[in-house]
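Here's the structure we're looking at; comments come further down.
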Amino acid sequence: MVETGHFALVLAFALSLVQMLVPLVGARTGNQRLMAVGGPVTVTGFALTALSFAALASAYAGSDFSVANVWENSHSLQPMIYKITGTWGNHEGSMLLWVLILTFFGALVAVFGNNLPATLKANVLAVQGMIGAAFFLFILTTSNPFIRLNPAPVEGRDLNPVLQDLGLAIHPPLLYLGYVGFSVCFSFSVAALIEGRIDASWARWVRPWTLVAWMFLTGGIAMGSYWAYYELGWGGFWFWDPVENASFMPWLAGTALLHSAIVMEKRSALKIWTLLLAILTFSLSLLGTFLVRSGVLTSVHAFATDPARGVFILCILTLFIGGSLALFALRASSLTAGGLFHPISREGALVLNNLFLTTATATVLVGTLYPLALEALTGGKISVGAPFFDLTFGPLMLPLLAIVPFGPLLAWKRGDVIAASHRLMAAFALAIAAMLVTGLFIDGASVFAALGVGLAVWLITGALTDLAVKSGAGSAAPAIMLRRFAGLPRSVFGTALAHLGLGLTLLGIVGTLCFGSEKILTMRPGETVELSGHTLRFEGLFPQKGPNFTEDRARFLLIGADGNASGEISSAKRFFQARQTATTESGIRTLGLSQLYLSLGDEGNDGSVVVRLWWKPLVTLIWGGGLVMMAGAAMSLADRRLRVGAPARRRKPATALASPT
């Protein structure tokens with residue numbers, strides 16, 4: 001099976017070369033047969049890549065330690081779920097997952113792109129083939145997951161303990177679906193530049209792929225944030241780690257691309273800008289791949305790799321980013337810029353949105369790469385962390401979030417900001433009330449808390465106002481309003497849900513940062529501690545044995561007002577024998593939208609233990625908002641007008657009336 005997987009990978013590489021060359025030649029010569037080759041070759045390449053991935057997963061499931069990759073990242077005593085997720089919990093396996101998703105998206109274009117012009121489809125599949133060929137070659141030459149060991153070791157070295165978590169089953173696949181999903185937008189852009197033609201229908205074809213990639217990338221970032229929050233035991237949800245930033249930059253650029261594609265589709269404007277954004281978004285995804293795998297970063301998220309891999313990925317980076325930007329520079333002058341519009345319009349609001357998002361992306365990019373560039377040029381080391389991003393990224397987000405509710409309420413081409421303001425008066429009043437309540441009764445010392453809560457309420461109520469106004473609230477009878485509400489396009493619901501989810505996430509961030517509390521103390525069995533009105537009693541440390549680890553589990557009881565236990569929280573210090581590594585398993589108790597969070601420190605000889613406690617109000621909204629944003633993207637995708645390959649409904653021809661004359 002292992003040799004079959006290796007051979008399938010080689011065949012997939014060969015087919016990617018065919019996919020890269022034959023449809024491209026067909027498009028250049030107008031040969032329909034050569035262009036038609038792209039579809040079957042792309043689907044077959046995906047099937048072979050899936051077979052290769054299944055072979056590696058089978059080796060992990062069967063603990064085949066004759067495969068070097070399995071030996072380095074698995075153990076016979078691991079639970080089966082972690083054996084399977086260990087397939088992509090390493091550099092080689094994760095790169096195989098990367099190309100699997102790449103070929104999957106290419107196959108989707110081949111299967112569902114029948115409504116595309118033949119030359120455009122051929123060029124898109126050819127560009128996808130170029131990307132696939134580069135990464136297949138990278139895997140086969142520097143990161144082959146099927147290398148054998150002879151003789152085969154009896155036991156494996158175990159998977160990195162912090163990766164032995166269910167979050168690993170969800171986070172990387174979601175993240176890669178987002179990262180690699182933007183390759184389709186990139187391929188459409190390069191294909192349009194090759195043809196030298198772009199129009200509103202191009203944006204209509206690109207927008208669903210952008211939505212899919214954005215939805216999965218949102219979920220991947222949210223899941224990664226939650227995994228780091230509960231698995232690493234540090235109690236935070238975002239650290240501005242360079243690898244975190246590497247996933248956040250494509251998300252910001254992809255959000256700008258999504259809004260820009262709307263303008264291009266509806267008004268045939270911002271054509272050149274949308275093309276450039278599609279190129280830059282995937283370029284940032286490639287940059288993230290380079291940062292994680294080049295060895296230039298030291299991060300819990302980064303794979304420790306040799307420099308040869310980093311140089312190879314840097315060459316891929318230079319080829320695709322440099323080549324696409326060079327092609328853009330050559331073709332941009334021959335492309336029409338698109339239609340004109342008034343600054344006060346929905347197009348104008350979306351352009352302002354793009355301005356802030358791209359500036360924010362550039363800010364994160366500078367903060368991420370500047371320390372690396374400085375070290376490379378001078379040898380000096382500096383740390384760029386939360387203070388820098390708080391002072392640069394934060395001020396850019398405040399005006400952007402403030403204008404978000406206005407956009408959907410403005411008309412296309414020429415809008416009326418005064419009328420939109422009147423419609424948002426109730427939302428504005430609720431936001432002011434939330435600020436006053438926060439400042440007067442909750443936290444009078446923090447301006448950020450009041451402003452943050454007010455801004456979050458403004459986003460949430462603004463999104464609901466959009467739905468209410470478009471349903472005819474205030475101008476139609478309730479029954480008519482309900483019928484209008486039910487008849488709204490799903491993309492309208494999708495937009496409202498995305499903006500509402502953003503408001504929920506902001507509310508969770510503000511609640512956690514401004515209203516939370518923390519204690520660090522040493523506790524002995526039987527002692528109690530109170531934090532923000534919650535009382536915990538330490539019951540003691542209890543040794544336990546897991547499948548491939550031993551642990552000391554601390555048990556805490558949550559004491560209610562009546563003195564009786566109303567719940568339990570447990571946290572543990574685990575030791576993995578194969579890796580000789582200790583980890584901390586945090587204890588979390590969810591109370592409504594908030595959480596009590598604790599992690600263990602050093603143990604004393606008398607049974608005492610250092611305990612770090614947090615009360616985190618509204619923290620679950622951070623990730624709940626991400627789920628709502630994903631739901632908004634899925635709702636927009638369900639809109640028939642945005643589905644790839646969905647034919648327009650044909651109306652039955654009206655019966656012609658005979659003329660009396």
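As shown in the structure tokens, the chain order sets the letters A, B, ...; within each chain, residues go from 1, and ligands are also counted from 1 in the order they appear.
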Please identify which residues in region 411-545 of chain A DSSP calls helix (DSSP H, G or I) from the backbone, and express them as a compact mmCIF listing (two decimals) with N, CA and C atoms, in the first residue's frame.
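Saved to selection00.txt:
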```
# COMPACT_ATOMS: atom_id res chain seq x y z
N VAL A 417 -26.57 59.07 2.26
CA VAL A 417 -26.04 58.75 3.57
C VAL A 417 -26.96 59.28 4.67
N ILE A 418 -27.69 60.36 4.39
CA ILE A 418 -28.61 60.90 5.41
C ILE A 418 -29.76 59.92 5.64
N ALA A 419 -30.32 59.39 4.56
CA ALA A 419 -31.40 58.41 4.70
C ALA A 419 -30.91 57.15 5.41
N ALA A 420 -29.69 56.69 5.08
CA ALA A 420 -29.14 55.52 5.76
C ALA A 420 -28.94 55.80 7.24
N SER A 421 -28.51 57.02 7.56
CA SER A 421 -28.32 57.39 8.97
C SER A 421 -29.64 57.36 9.72
N HIS A 422 -30.71 57.82 9.08
CA HIS A 422 -32.02 57.79 9.73
C HIS A 422 -32.46 56.36 10.02
N ARG A 423 -32.20 55.47 9.07
CA ARG A 423 -32.59 54.07 9.27
C ARG A 423 -31.79 53.42 10.39
N MET A 425 -30.80 54.97 13.15
CA MET A 425 -30.92 55.73 14.40
C MET A 425 -31.17 54.82 15.60
N ALA A 426 -32.04 53.82 15.43
CA ALA A 426 -32.33 52.92 16.55
C ALA A 426 -31.07 52.13 16.93
N ALA A 427 -30.33 51.67 15.94
CA ALA A 427 -29.10 50.94 16.21
C ALA A 427 -28.09 51.85 16.91
N PHE A 428 -28.01 53.10 16.46
CA PHE A 428 -27.09 54.06 17.07
C PHE A 428 -27.48 54.34 18.52
N ALA A 429 -28.78 54.48 18.77
CA ALA A 429 -29.25 54.73 20.13
C ALA A 429 -28.92 53.56 21.06
N LEU A 430 -29.11 52.34 20.57
CA LEU A 430 -28.78 51.17 21.39
C LEU A 430 -27.28 51.09 21.66
N ALA A 431 -26.47 51.47 20.67
CA ALA A 431 -25.03 51.44 20.87
C ALA A 431 -24.60 52.47 21.91
N ILE A 432 -25.18 53.67 21.86
CA ILE A 432 -24.88 54.70 22.86
C ILE A 432 -25.31 54.24 24.24
N ALA A 433 -26.50 53.62 24.32
CA ALA A 433 -26.99 53.12 25.61
C ALA A 433 -26.05 52.06 26.16
N ALA A 434 -25.56 51.18 25.30
CA ALA A 434 -24.62 50.14 25.74
C ALA A 434 -23.34 50.77 26.26
N MET A 435 -22.85 51.82 25.59
CA MET A 435 -21.65 52.51 26.06
C MET A 435 -21.87 53.15 27.42
N LEU A 436 -23.03 53.78 27.61
CA LEU A 436 -23.32 54.44 28.88
C LEU A 436 -23.44 53.42 30.02
N VAL A 437 -24.14 52.32 29.76
CA VAL A 437 -24.29 51.29 30.79
C VAL A 437 -22.93 50.72 31.17
N THR A 438 -22.08 50.47 30.14
CA THR A 438 -20.74 49.93 30.41
C THR A 438 -19.91 50.91 31.22
N GLY A 439 -19.93 52.19 30.81
CA GLY A 439 -19.11 53.19 31.49
C GLY A 439 -19.59 53.52 32.88
N LEU A 440 -20.91 53.50 33.10
CA LEU A 440 -21.45 53.93 34.39
C LEU A 440 -21.57 52.80 35.40
N PHE A 441 -21.86 51.58 34.93
CA PHE A 441 -22.19 50.51 35.87
C PHE A 441 -21.23 49.32 35.85
N ILE A 442 -20.45 49.17 34.78
CA ILE A 442 -19.60 47.97 34.68
C ILE A 442 -18.13 48.31 34.84
N VAL A 447 -12.06 53.43 28.91
CA VAL A 447 -12.73 53.99 27.73
C VAL A 447 -12.84 52.93 26.64
N PHE A 448 -11.82 52.08 26.54
CA PHE A 448 -11.83 51.02 25.53
C PHE A 448 -13.00 50.07 25.74
N ALA A 449 -13.31 49.76 27.00
CA ALA A 449 -14.41 48.85 27.28
C ALA A 449 -15.73 49.43 26.78
N ALA A 450 -16.01 50.68 27.13
CA ALA A 450 -17.26 51.31 26.70
C ALA A 450 -17.33 51.43 25.18
N LEU A 451 -16.23 51.87 24.59
CA LEU A 451 -16.20 52.03 23.14
C LEU A 451 -16.34 50.68 22.44
N GLY A 452 -15.66 49.66 22.96
CA GLY A 452 -15.73 48.34 22.34
C GLY A 452 -17.11 47.74 22.41
N VAL A 453 -17.76 47.82 23.58
CA VAL A 453 -19.11 47.28 23.72
C VAL A 453 -20.07 48.04 22.81
N GLY A 454 -19.94 49.37 22.79
CA GLY A 454 -20.80 50.17 21.92
C GLY A 454 -20.63 49.81 20.45
N LEU A 455 -19.39 49.62 20.04
CA LEU A 455 -19.11 49.27 18.64
C LEU A 455 -19.66 47.88 18.31
N ALA A 456 -19.53 46.93 19.24
CA ALA A 456 -20.07 45.59 19.01
C ALA A 456 -21.59 45.61 18.88
N VAL A 457 -22.23 46.36 19.77
CA VAL A 457 -23.70 46.47 19.69
C VAL A 457 -24.10 47.17 18.39
N TRP A 458 -23.34 48.16 17.97
CA TRP A 458 -23.59 48.88 16.71
C TRP A 458 -23.54 47.91 15.52
N LEU A 459 -22.56 47.02 15.50
CA LEU A 459 -22.46 46.04 14.41
C LEU A 459 -23.63 45.06 14.44
N ILE A 460 -23.97 44.58 15.63
CA ILE A 460 -25.04 43.58 15.74
C ILE A 460 -26.38 44.17 15.36
N THR A 461 -26.71 45.33 15.95
CA THR A 461 -28.00 45.95 15.65
C THR A 461 -28.04 46.52 14.23
N GLY A 462 -26.90 46.94 13.71
CA GLY A 462 -26.85 47.41 12.33
C GLY A 462 -27.18 46.29 11.35
N ALA A 463 -26.66 45.08 11.62
CA ALA A 463 -26.97 43.94 10.75
C ALA A 463 -28.45 43.59 10.81
N LEU A 464 -29.02 43.64 12.01
CA LEU A 464 -30.46 43.36 12.15
C LEU A 464 -31.29 44.46 11.50
N THR A 465 -30.81 45.71 11.57
CA THR A 465 -31.52 46.82 10.92
C THR A 465 -31.58 46.62 9.42
N ASP A 466 -30.49 46.14 8.83
CA ASP A 466 -30.47 45.88 7.38
C ASP A 466 -31.59 44.92 7.00
N LEU A 467 -31.73 43.82 7.76
CA LEU A 467 -32.80 42.87 7.47
C LEU A 467 -34.18 43.49 7.68
N ALA A 468 -34.32 44.29 8.74
CA ALA A 468 -35.62 44.90 9.04
C ALA A 468 -36.02 45.89 7.95
N VAL A 469 -35.08 46.73 7.51
CA VAL A 469 -35.39 47.74 6.49
C VAL A 469 -35.77 47.07 5.17
N LYS A 470 -35.02 46.03 4.78
CA LYS A 470 -35.30 45.37 3.51
C LYS A 470 -36.56 44.51 3.58
N PRO A 478 -47.43 43.92 9.34
CA PRO A 478 -46.61 42.80 9.81
C PRO A 478 -46.66 41.57 8.90
N ALA A 479 -47.84 41.25 8.37
CA ALA A 479 -47.94 40.07 7.50
C ALA A 479 -47.15 40.27 6.23
N ILE A 480 -47.21 41.46 5.66
CA ILE A 480 -46.45 41.74 4.44
C ILE A 480 -44.96 41.73 4.75
N MET A 481 -44.60 42.30 5.89
CA MET A 481 -43.20 42.36 6.28
C MET A 481 -42.62 40.94 6.43
N LEU A 482 -43.39 40.03 7.02
CA LEU A 482 -42.92 38.66 7.18
C LEU A 482 -42.74 37.97 5.83
N ARG A 483 -43.67 38.25 4.88
CA ARG A 483 -43.53 37.66 3.55
C ARG A 483 -42.30 38.21 2.85
N ARG A 484 -42.07 39.50 3.00
CA ARG A 484 -40.86 40.09 2.40
C ARG A 484 -39.60 39.52 3.04
N PHE A 485 -39.65 39.35 4.36
CA PHE A 485 -38.49 38.81 5.07
C PHE A 485 -38.16 37.40 4.56
N ALA A 486 -39.20 36.58 4.41
CA ALA A 486 -38.99 35.21 3.94
C ALA A 486 -38.52 35.19 2.49
N GLY A 487 -38.87 36.23 1.74
CA GLY A 487 -38.51 36.27 0.32
C GLY A 487 -37.21 36.96 0.02
N ARG A 490 -30.95 34.98 -0.27
CA ARG A 490 -30.12 34.39 0.78
C ARG A 490 -28.80 35.15 0.95
N SER A 491 -28.35 35.81 -0.10
CA SER A 491 -27.12 36.58 0.03
C SER A 491 -27.30 37.76 0.98
N VAL A 492 -28.53 38.29 1.06
CA VAL A 492 -28.81 39.37 2.03
C VAL A 492 -28.70 38.83 3.45
N PHE A 493 -29.27 37.65 3.69
CA PHE A 493 -29.13 37.02 5.01
C PHE A 493 -27.65 36.72 5.29
N GLY A 494 -26.94 36.27 4.26
CA GLY A 494 -25.52 35.96 4.44
C GLY A 494 -24.72 37.16 4.86
N THR A 495 -24.96 38.31 4.20
CA THR A 495 -24.25 39.54 4.57
C THR A 495 -24.56 39.94 6.00
N ALA A 496 -25.84 39.89 6.36
CA ALA A 496 -26.24 40.27 7.72
C ALA A 496 -25.61 39.35 8.76
N LEU A 497 -25.60 38.04 8.48
CA LEU A 497 -25.01 37.10 9.44
C LEU A 497 -23.51 37.33 9.59
N ALA A 498 -22.82 37.61 8.48
CA ALA A 498 -21.38 37.85 8.56
C ALA A 498 -21.08 39.07 9.41
N HIS A 499 -21.82 40.15 9.20
CA HIS A 499 -21.61 41.37 9.99
C HIS A 499 -22.02 41.16 11.45
N LEU A 500 -23.10 40.40 11.66
CA LEU A 500 -23.53 40.12 13.04
C LEU A 500 -22.47 39.27 13.75
N GLY A 501 -21.92 38.28 13.05
CA GLY A 501 -20.88 37.45 13.65
C GLY A 501 -19.65 38.26 14.01
N LEU A 502 -19.31 39.24 13.17
CA LEU A 502 -18.18 40.11 13.48
C LEU A 502 -18.44 40.89 14.77
N GLY A 503 -19.68 41.36 14.93
CA GLY A 503 -20.04 42.07 16.16
C GLY A 503 -19.96 41.17 17.38
N LEU A 504 -20.41 39.92 17.25
CA LEU A 504 -20.34 38.98 18.38
C LEU A 504 -18.89 38.70 18.77
N THR A 505 -18.03 38.51 17.77
CA THR A 505 -16.61 38.27 18.06
C THR A 505 -16.00 39.46 18.78
N LEU A 506 -16.32 40.66 18.31
CA LEU A 506 -15.79 41.87 18.96
C LEU A 506 -16.29 41.96 20.40
N LEU A 507 -17.56 41.64 20.63
CA LEU A 507 -18.10 41.68 21.99
C LEU A 507 -17.38 40.68 22.89
N GLY A 508 -17.08 39.48 22.35
CA GLY A 508 -16.35 38.49 23.13
C GLY A 508 -14.94 38.95 23.46
N ILE A 509 -14.27 39.59 22.49
CA ILE A 509 -12.91 40.09 22.74
C ILE A 509 -12.91 41.17 23.82
N VAL A 510 -13.83 42.11 23.70
CA VAL A 510 -13.90 43.20 24.68
C VAL A 510 -14.25 42.66 26.05
N GLY A 511 -15.23 41.75 26.12
CA GLY A 511 -15.61 41.19 27.41
C GLY A 511 -14.46 40.47 28.10
N THR A 512 -13.71 39.69 27.32
CA THR A 512 -12.60 38.92 27.90
C THR A 512 -11.45 39.83 28.35
N LEU A 513 -11.10 40.80 27.50
CA LEU A 513 -9.96 41.66 27.82
C LEU A 513 -10.26 42.67 28.91
N CYS A 514 -11.48 43.17 28.96
CA CYS A 514 -11.79 44.29 29.86
C CYS A 514 -12.47 43.88 31.16
N PHE A 515 -13.24 42.82 31.13
CA PHE A 515 -14.03 42.48 32.31
C PHE A 515 -13.56 41.21 33.01
```
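By only C-alpha atoms, and with residues fewer than 2 positions from region 589-606 of chain A along its chain excluded, the set lying at most 6 Å from it is A:Gly233, A:Ser586, A:Gly587, A:Ser608, A:Val609, A:Val610, A:Val611, A:Arg612, A:Leu613, A:Trp614, A:Trp615, A:Lys616, A:Pro617, A:Leu618, A:Val619, A:Thr620.
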With C-alpha atoms retained, export the selected residues as a PDB file, in the first residue's frame.
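Heads up, here's the output in selection14.pdb:
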```
ATOM      1  CA  GLY A 233      -2.759  26.358  28.962  1.00  0.00           C
ATOM      2  CA  SER A 586      -6.312  23.216  31.120  1.00  0.00           C
ATOM      3  CA  GLY A 587      -9.579  22.904  33.008  1.00  0.00           C
ATOM      4  CA  SER A 608       0.115  21.612  47.041  1.00  0.00           C
ATOM      5  CA  VAL A 609       0.078  22.961  43.522  1.00  0.00           C
ATOM      6  CA  VAL A 610       0.407  26.370  41.889  1.00  0.00           C
ATOM      7  CA  VAL A 611      -2.914  27.246  40.276  1.00  0.00           C
ATOM      8  CA  ARG A 612      -3.609  29.968  37.768  1.00  0.00           C
ATOM      9  CA  LEU A 613      -7.276  30.964  37.537  1.00  0.00           C
ATOM     10  CA  TRP A 614      -9.107  33.171  35.043  1.00  0.00           C
ATOM     11  CA  TRP A 615     -12.675  34.385  34.801  1.00  0.00           C
ATOM     12  CA  LYS A 616     -13.381  35.112  31.144  1.00  0.00           C
ATOM     13  CA  PRO A 617     -16.707  36.873  30.551  1.00  0.00           C
ATOM     14  CA  LEU A 618     -18.340  36.369  27.119  1.00  0.00           C
ATOM     15  CA  VAL A 619     -15.259  34.526  25.831  1.00  0.00           C
ATOM     16  CA  THR A 620     -17.312  31.940  23.919  1.00  0.00           C
TER      17      THR A 620
END
```
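With CA of Phe136 (chain A) on one side and CA of Leu286 (chain A) on the other, the separation reads 14.7 Å.
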What are the closest atom pairs, with distances in Å to one decimal, for each residue of region 393-489 of chain A lying within 12 Å of region 352-362 of chain A, using only C-alpha atoms, rows by chain and rising residue number, as a Markdown table?
```
| residue | atom | partner | partner_atom | distance |
| --- | --- | --- | --- | --- |
| A:Phe393 | CA | A:Ala360 | CA | 5.8 |
| A:Gly394 | CA | A:Ala360 | CA | 8.8 |
| A:Pro395 | CA | A:Ala360 | CA | 9.5 |
| A:Leu396 | CA | A:Phe356 | CA | 6.3 |
| A:Met397 | CA | A:Phe356 | CA | 7.4 |
| A:Leu398 | CA | A:Phe356 | CA | 9.8 |
| A:Pro399 | CA | A:Phe356 | CA | 8.4 |
| A:Leu400 | CA | A:Phe356 | CA | 6.4 |
| A:Leu401 | CA | A:Asn353 | CA | 9.1 |
| A:Ala402 | CA | A:Asn353 | CA | 10.6 |
| A:Ile403 | CA | A:Asn353 | CA | 8.2 |
| A:Val404 | CA | A:Asn353 | CA | 7.9 |
| A:Pro405 | CA | A:Asn353 | CA | 11.4 |
| A:Phe406 | CA | A:Asn353 | CA | 11.0 |
| A:Gly407 | CA | A:Asn353 | CA | 9.0 |
```
Residues from the last selection, N, CA and C atoms, saved as a compact mmCIF listing (two decimals), in the first residue's frame:
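Result file follows (result-v5.txt):
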```
# COMPACT_ATOMS: atom_id res chain seq x y z
N PHE A 393 -2.81 48.29 14.21
CA PHE A 393 -3.95 47.58 13.63
C PHE A 393 -5.26 48.06 14.25
N GLY A 394 -5.26 48.26 15.57
CA GLY A 394 -6.48 48.66 16.26
C GLY A 394 -7.11 49.94 15.72
N PRO A 395 -6.34 51.04 15.61
CA PRO A 395 -6.94 52.28 15.09
C PRO A 395 -7.48 52.16 13.67
N LEU A 396 -6.94 51.25 12.88
CA LEU A 396 -7.46 51.05 11.52
C LEU A 396 -8.82 50.35 11.55
N MET A 397 -9.02 49.50 12.53
CA MET A 397 -10.25 48.73 12.60
C MET A 397 -11.43 49.56 13.12
N LEU A 398 -11.14 50.54 13.98
CA LEU A 398 -12.24 51.31 14.57
C LEU A 398 -13.10 52.01 13.53
N PRO A 399 -12.52 52.81 12.61
CA PRO A 399 -13.38 53.44 11.60
C PRO A 399 -14.00 52.43 10.63
N LEU A 400 -13.27 51.36 10.33
CA LEU A 400 -13.84 50.35 9.44
C LEU A 400 -15.10 49.74 10.04
N LEU A 401 -15.02 49.32 11.31
CA LEU A 401 -16.18 48.72 11.96
C LEU A 401 -17.32 49.72 12.09
N ALA A 402 -16.99 51.01 12.24
CA ALA A 402 -18.03 52.02 12.39
C ALA A 402 -18.84 52.20 11.11
N ILE A 403 -18.22 52.01 9.94
CA ILE A 403 -18.94 52.24 8.68
C ILE A 403 -19.60 50.98 8.13
N VAL A 404 -19.32 49.82 8.73
CA VAL A 404 -19.86 48.56 8.20
C VAL A 404 -21.38 48.59 8.06
N PRO A 405 -22.17 49.03 9.08
CA PRO A 405 -23.63 48.98 8.92
C PRO A 405 -24.16 49.89 7.81
N PHE A 406 -23.40 50.92 7.41
CA PHE A 406 -23.90 51.83 6.38
C PHE A 406 -23.91 51.18 5.00
N GLY A 407 -22.90 50.33 4.72
CA GLY A 407 -22.75 49.79 3.38
C GLY A 407 -23.98 49.15 2.79
```
Just the residues within 12 Å of Thr318 (chain A), please, counting only C-alpha atoms, with nothing from its chain fewer than 5 positions along; format it as a ChimeraX atom specification.
/A:134,283,286-287,290,311-313,323-326
Go through region 542-588 of chain A residue by residue and, counting only C-alpha atoms, keep those with an atom at most 8 Å from region 154-174 of chain A; for each kept residue give the shortest atom pair and its distance in Å to one decimal, ordered by chain and increasing number, as a tab-separated table.
```
residue	atom	partner	partner_atom	distance
A:Phe576	CA	A:Pro161	CA	7.1
A:Ala578	CA	A:Arg157	CA	5.8
A:Arg579	CA	A:Asp158	CA	6.4
A:Thr581	CA	A:Pro161	CA	7.4
A:Thr583	CA	A:Val162	CA	7.1
```
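Among the candidate residues A:Phe13, A:Phe135, A:Trp71, A:Phe216, the one lying nearest to Asn90 (chain A) is A:Trp71, with distances computed using only C-alpha atoms.
What separates CA of Phe239 (chain A) from CA of Thr85 (chain A) is a distance of 24.8 Å.
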Interface rows for region 89-124 of chain A against region 176-188 of chain A: nearest pair, Å to one decimal, 10 Å, only C-alpha atoms, as a Markdown table:
```
| residue | atom | partner | partner_atom | distance |
| --- | --- | --- | --- | --- |
| A:Ser94 | CA | A:Tyr176 | CA | 9.1 |
| A:Met95 | CA | A:Tyr176 | CA | 9.7 |
| A:Leu97 | CA | A:Tyr176 | CA | 8.0 |
| A:Trp98 | CA | A:Tyr176 | CA | 6.3 |
| A:Val99 | CA | A:Val180 | CA | 8.5 |
| A:Leu100 | CA | A:Val180 | CA | 9.8 |
| A:Ile101 | CA | A:Leu177 | CA | 6.5 |
| A:Leu102 | CA | A:Val180 | CA | 5.8 |
| A:Thr103 | CA | A:Val180 | CA | 9.5 |
| A:Phe104 | CA | A:Gly181 | CA | 9.5 |
| A:Phe105 | CA | A:Gly181 | CA | 6.8 |
| A:Gly106 | CA | A:Val184 | CA | 7.5 |
| A:Leu108 | CA | A:Val184 | CA | 9.9 |
| A:Val109 | CA | A:Val184 | CA | 8.2 |
| A:Leu120 | CA | A:Phe188 | CA | 7.8 |
| A:Lys121 | CA | A:Phe188 | CA | 8.5 |
| A:Asn123 | CA | A:Ser187 | CA | 7.8 |
| A:Val124 | CA | A:Ser187 | CA | 5.0 |
```
Can you tell me how far CA of Phe341 (chain A) sits from CA of Leu280 (chain A), in Å to one decimal?
24.9 Å
Shell around Leu193 (chain A) at 7 Å using only C-alpha atoms, local window under 4 positions removed, as a PyMOL selection string:
chain A and resi 189+197+327-328+331
